[in-house]
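Novice: Input: one structure, supplied below.
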Amino acid sequence: MPCRRDSPFLKLEPPQRRQRTLDALKRVLLRESQEQPLLLVFEDLHWSDTETQALLASLIESLPTARLLLLVNYRPEYQHGWGSKTYYTQLRLDPLPPASADEFLHALLGDAPSLASLKQLLITRTEGNPFFLEESVRTLAETGVLVGEPGAYRLARPLEGLQVPATVHAVLAARVDRLPLEEKRLLQTAAVIGTDVPFALLRAIADLPEEALYRGLAHLQAAEFLYETRLFPEQEYTFKHTLTHEVAYGSLLLEQRRVLHARIVAALEALTPKRVSEQVERLAHHALRGEVWDKAVTYCQQASTRAYVRAAYREAVATFEQALQALAHLPEDGDTRGRAIELRFAVEGALIALGEYGRCLALMGEAEALARALDDRARLGRVLNTMAYVRRATGDYDGAMAAGQQALELAVALGDSALQGVASLRLGQTYYAIGDFGRSAALLRQNVEAADQESGTPRPDVRRRSRASLALTLSALGAFTEGQRYGEEALRLATLAGRVAALQHAYSTLGHLYLAQGGLEPAIRVLEQGMALCRASGAQHFLGLLAEGLGYAYALQGRLTEGRTLLEEAISARLHIGQQPVQARAWLSEVCRLEGHRAEAWQHARQALDLARRQQARGGEALTLHQLGVIHAHADLPDAAPAAAHYQQALALAEALGMRPLQAHCHRGLGTLYAATGQREQARTELTAAIAMYRPMAMTFWLPQTEAALAQVEGQ
């Protein structure tokens, strides 16, 4: 299956439908490979789209267990991550060796004895490049050096003085130049349309009578410049080779190209007025090259949004850059500045998904300056909300709080309920980040209620995000039943929205909630689903959160090696995008302890504690203090005093923050420590307190262990 730049292998929306299709195709291929060996070929990966890449990445991971041979080809500039796979072999496709080139020319030319010298000349000049050889033979036939038919040619002129172009580009350029003027212009016009050429579009811009158009196309097909590739539902042609297309396009003057690109924009709009939204990528391409700047901005922005919706984040950012370039050509007035702000809003989601927070903040800084210059307070509020979100993601909680409060004040002053909802959400998320869970829960509950009463707001995802954030906050407080209800509702809304980022957020939220309660199986199930989406889309924003949750869940199941690998990946991923992974380091510390690496466990826990205190993330501080207590308590010879001190510090902070699950863990830690050091009464008191907290929260993973520890104490 060819991977063409302008005809993607798979481009379905919404993204969960596309993911299901990819998964279904993969299952079919793997199932069929169990019945009989399969050969699957992907051509021209340097042109592949995001969806094809996702399918390939998924297939490649499954190859060791399938009777499937996957063959791909690509140009040297194509980048992939398969080189380390033991089941991957790379073969360089070199030019034909002399013997093979001679055999190839024998098929093209025939076996006339007079052709021997010509064959040797062609092999020397083309260095065995098959396409170069084929085009050279065609050139010699067109110029009368050869006469006869393919496979049965003979020389019509002596070889002395014969000039063979030095490059295949030169051969193709000469062939294009030899075309009759009308056919040459038709080929050049087709080249401006693209590698694939819809007949209706070519007819609309070629400026030729119907009879001349068909005659010209027939001649171009006979000369093998173009092939007819489709008759239904619309007739379509394609260039024989990408070099043929490039040479034909390059033979036009810049001004001629510009005029034709602009005509294509008008023709596309006229031919498919009801399907313009389906062709925004093609319209954006031609509007840019046709210098139809106003339309280029519009279509590039729409194309960027479409790419974001289908999780093609790199493509979304690249198209946004093109929109900015087009915008620079428009008059610098209030309308242009307003469009400049909207463009920056359009790309923020893709940049956040990719974890490019620095670039996002820089663009928001530009948008802030534009909004203040226009005295546009509504847009300024939106900018501040984005800044609050990004600053929180990078651990700048003071900056996030300041931006969120400014946005909220603006929203209240404007009476803008939609803006107020986003600002309240950002503040609620920041309160959660610093460990003020009570205030976070109260604000997010209000936001959920307010969002449910609003309709037709510019940011309907506030309903989903508020529920997901509230679910996470309630998890920290131990209100798992209520939190699960909000988390599952967030997943339902994310599924309806059909956006990859929304699904990743919902899966991460539910997975962490299940994990905090000790529900390892449901946690692993949803976290694995979220990880699969991250891998397929290349998104980085939620990768760290999903990987750290899944890694810790694996570790609690006893799968320490898998857990450690994922936790290390989570730390690397979060550091790469400017986040500080306090929780991931604390959990990696526990995995190292379980593996028997106490010094390494201590190092990770201390790093986590330093990070938490530097960020003033009190919830993270309480978590790491507990982990330090665990390390001391489970040494070969328990360090009772420092272990108890760390547990008590963690417990006091957890009580102040309302973190009931962590309080229960601290009581359990103290109980097992006291039991190990022979302090039975203290052990009984602490273990009983832990059980009294675990039971109403239904934390059944730790409850049986604690009950067994209490029974052992009472049996002594």
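The chains in the structure tokens are called A, B, ... from first to last as shown; in each chain the residues are counted from 1, and the ligands are counted from 1 in the order shown.
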Need to verify the contact set: region 620-624 of chain A, 7 Å, only C-alpha atoms, exclusion of same-chain residues closer than 6 positions in sequence. Can you return it as an NGL selection string?
Specialist: :A and (582-583 or 586 or 605 or 608-609 or 612-613 or 650 or 653-654)
Novice: Restrict the selected residues to N, CA and C atoms and save them as a PDB file, in the first residue's frame.
Specialist:
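Below is the file selection-v1.pdb, written as the result:
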ATOM      1  N   VAL A 582       7.483  14.582  40.886  1.00  0.00           N
ATOM      2  CA  VAL A 582       7.588  14.259  42.313  1.00  0.00           C
ATOM      3  C   VAL A 582       7.016  12.866  42.591  1.00  0.00           C
ATOM      4  N   GLN A 583       5.790  12.636  42.162  1.00  0.00           N
ATOM      5  CA  GLN A 583       5.134  11.366  42.455  1.00  0.00           C
ATOM      6  C   GLN A 583       5.850  10.205  41.781  1.00  0.00           C
ATOM      7  N   ALA A 586       8.892   9.312  43.788  1.00  0.00           N
ATOM      8  CA  ALA A 586       8.529   8.634  45.036  1.00  0.00           C
ATOM      9  C   ALA A 586       8.162   7.177  44.771  1.00  0.00           C
ATOM     10  N   ALA A 605      13.857   9.136  46.747  1.00  0.00           N
ATOM     11  CA  ALA A 605      12.922   9.737  47.699  1.00  0.00           C
ATOM     12  C   ALA A 605      13.380  11.128  48.119  1.00  0.00           C
ATOM     13  N   ALA A 608      12.694  13.537  45.347  1.00  0.00           N
ATOM     14  CA  ALA A 608      11.262  13.851  45.296  1.00  0.00           C
ATOM     15  C   ALA A 608      10.888  14.851  46.380  1.00  0.00           C
ATOM     16  N   LEU A 609      11.440  14.661  47.585  1.00  0.00           N
ATOM     17  CA  LEU A 609      11.125  15.570  48.687  1.00  0.00           C
ATOM     18  C   LEU A 609      11.653  16.975  48.402  1.00  0.00           C
ATOM     19  N   ALA A 612       9.377  18.602  45.825  1.00  0.00           N
ATOM     20  CA  ALA A 612       8.073  18.967  46.386  1.00  0.00           C
ATOM     21  C   ALA A 612       8.181  20.228  47.234  1.00  0.00           C
ATOM     22  N   ARG A 613       9.220  20.307  48.045  1.00  0.00           N
ATOM     23  CA  ARG A 613       9.373  21.484  48.902  1.00  0.00           C
ATOM     24  C   ARG A 613       9.720  22.724  48.084  1.00  0.00           C
ATOM     25  N   ALA A 650       4.688  12.889  57.943  1.00  0.00           N
ATOM     26  CA  ALA A 650       3.772  12.659  56.824  1.00  0.00           C
ATOM     27  C   ALA A 650       2.332  12.632  57.305  1.00  0.00           C
ATOM     28  N   LEU A 653       1.009  16.167  58.142  1.00  0.00           N
ATOM     29  CA  LEU A 653       0.740  16.942  56.934  1.00  0.00           C
ATOM     30  C   LEU A 653      -0.481  16.387  56.205  1.00  0.00           C
ATOM     31  N   ALA A 654      -0.600  15.063  56.141  1.00  0.00           N
ATOM     32  CA  ALA A 654      -1.753  14.450  55.482  1.00  0.00           C
ATOM     33  C   ALA A 654      -3.050  14.812  56.193  1.00  0.00           C
TER      34      ALA A 654
END
Novice: Env of Tyr432 (chain A): 12 Å cut, atoms = only C-alpha atoms, seq-sep filter 3 positions within chain, self excluded. Answer as an MDAnalysis selection string.
Specialist: chainID A and resid 392:393 397 400:401 425:429 435:444 469:477 616:620 657:659
Novice: Could you work out how far CA of Val390 (chain A) lies from CA of Ala296 (chain A), giving the answer in Å with one decimal?
Specialist: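 CA of Val390 (chain A) lies 29.0 Å from CA of Ala296 (chain A).
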Novice: Residues at most 8 Å from Glu686 (chain A), counting only C-alpha atoms, excluding those fewer than 3 positions away in the same chain, as a list of chain:residue names?
Specialist: A:His667, A:Arg668, A:Leu670, A:Gly671, A:Gln682, A:Ala683, A:Ala689, A:Ala690
Novice: Could the residues in this selection be written to a file with N, CA and C atoms, as a short mmCIF file (atom, residue, chain, number, x, y, z; two decimals), in the first residue's frame?
Specialist:
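And here is the file that came out, result-v9.cif:
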data_model
loop_
_atom_site.label_atom_id
_atom_site.label_comp_id
_atom_site.auth_asym_id
_atom_site.auth_seq_id
_atom_site.Cartn_x
_atom_site.Cartn_y
_atom_site.Cartn_z
N HIS A 667 -0.62 5.33 59.28
CA HIS A 667 -0.98 4.51 60.45
C HIS A 667 -0.50 3.08 60.25
N ARG A 668 -0.69 2.54 59.07
CA ARG A 668 -0.25 1.17 58.79
C ARG A 668 1.28 1.07 58.90
N LEU A 670 3.31 2.98 60.68
CA LEU A 670 3.69 3.06 62.09
C LEU A 670 3.37 1.75 62.81
N GLY A 671 2.21 1.16 62.48
CA GLY A 671 1.82 -0.09 63.13
C GLY A 671 2.80 -1.21 62.84
N GLN A 682 1.36 0.08 70.92
CA GLN A 682 1.40 1.12 69.89
C GLN A 682 1.06 0.54 68.52
N ALA A 683 1.58 -0.68 68.26
CA ALA A 683 1.30 -1.33 66.97
C ALA A 683 -0.19 -1.58 66.82
N ALA A 689 -6.26 1.87 63.74
CA ALA A 689 -6.61 3.15 63.10
C ALA A 689 -6.57 3.02 61.58
N ALA A 690 -5.57 2.31 61.07
CA ALA A 690 -5.46 2.13 59.63
C ALA A 690 -6.66 1.35 59.09
#
Novice: Write out as a PyMOL selection string each polymer residue whose atoms come within 9 Å of region 280-284 of chain A, counting only C-alpha atoms; drop sequence neighbours fewer than 2 positions from it.
Specialist: chain A and resi 6+264-265+268-269+276-278+286-289+295-304+306+319+322-323
Novice: Identify, on the basis of only C-alpha atoms, every residue whose closest approach to Gly511 (chain A) does not exceed 6 Å; exclude the query and any residue fewer than 4 positions from it along the same chain; express the result as a PyMOL selection string.
Specialist: chain A and resi 507+523+526-527
Novice: Write out the residues from the selection above, keeping C-alpha atoms, as a CSV table (one decimal), in the first residue's frame.
Specialist:
chain,number,residue,atom,x,y,z
A,507,TYR,CA,-8.0,7.5,31.2
A,523,ALA,CA,-6.3,0.8,37.0
A,526,VAL,CA,-7.6,2.1,31.7
A,527,LEU,CA,-4.0,3.2,32.0
Novice: Just to confirm, what's the straight-line distance from CA of Glu342 (chain A) to CA of Ala267 (chain A) in Å (one decimal)?
Specialist: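 According to the coordinates, CA of Glu342 (chain A) and CA of Ala267 (chain A) are separated by 27.7 Å.
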Novice: Taking 4 positions as the minimum chain separation for residues in the same chain, which residues sit within 12 Å of Arg359 (chain A) when counting only C-alpha atoms? Answer as an mmCIF file with C-alpha atoms, in the first residue's frame.
Specialist:
data_model
loop_
_atom_site.group_PDB
_atom_site.id
_atom_site.type_symbol
_atom_site.label_atom_id
_atom_site.label_comp_id
_atom_site.auth_asym_id
_atom_site.auth_seq_id
_atom_site.Cartn_x
_atom_site.Cartn_y
_atom_site.Cartn_z
ATOM 1 C CA VAL A 317 1.836 23.045 14.542
ATOM 2 C CA ARG A 344 -2.303 31.372 18.813
ATOM 3 C CA VAL A 347 -2.360 25.951 18.249
ATOM 4 C CA GLU A 348 -2.161 25.932 22.043
ATOM 5 C CA GLY A 349 -3.770 22.477 22.318
ATOM 6 C CA ALA A 350 -1.283 20.865 19.939
ATOM 7 C CA LEU A 351 1.705 22.473 21.674
ATOM 8 C CA ILE A 352 0.460 21.365 25.090
ATOM 9 C CA LEU A 354 3.448 17.744 22.518
ATOM 10 C CA GLY A 355 4.735 19.103 25.823
ATOM 11 C CA LEU A 363 3.057 32.525 21.958
ATOM 12 C CA MET A 364 0.707 33.376 24.810
ATOM 13 C CA GLY A 365 3.035 36.229 25.776
ATOM 14 C CA GLU A 366 2.673 37.572 22.234
ATOM 15 C CA MET A 387 -0.921 30.700 30.952
ATOM 16 C CA VAL A 390 0.853 25.828 31.285
ATOM 17 C CA ILE A 577 8.758 18.676 28.635
ATOM 18 C CA GLY A 578 9.730 20.736 31.679
#
Novice: Work out how far apart CA of Arg464 (chain A) and CA of Thr305 (chain A) are and give it in Å to one decimal.
Specialist: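 Between CA of Arg464 (chain A) and CA of Thr305 (chain A) the gap works out to 19.8 Å.
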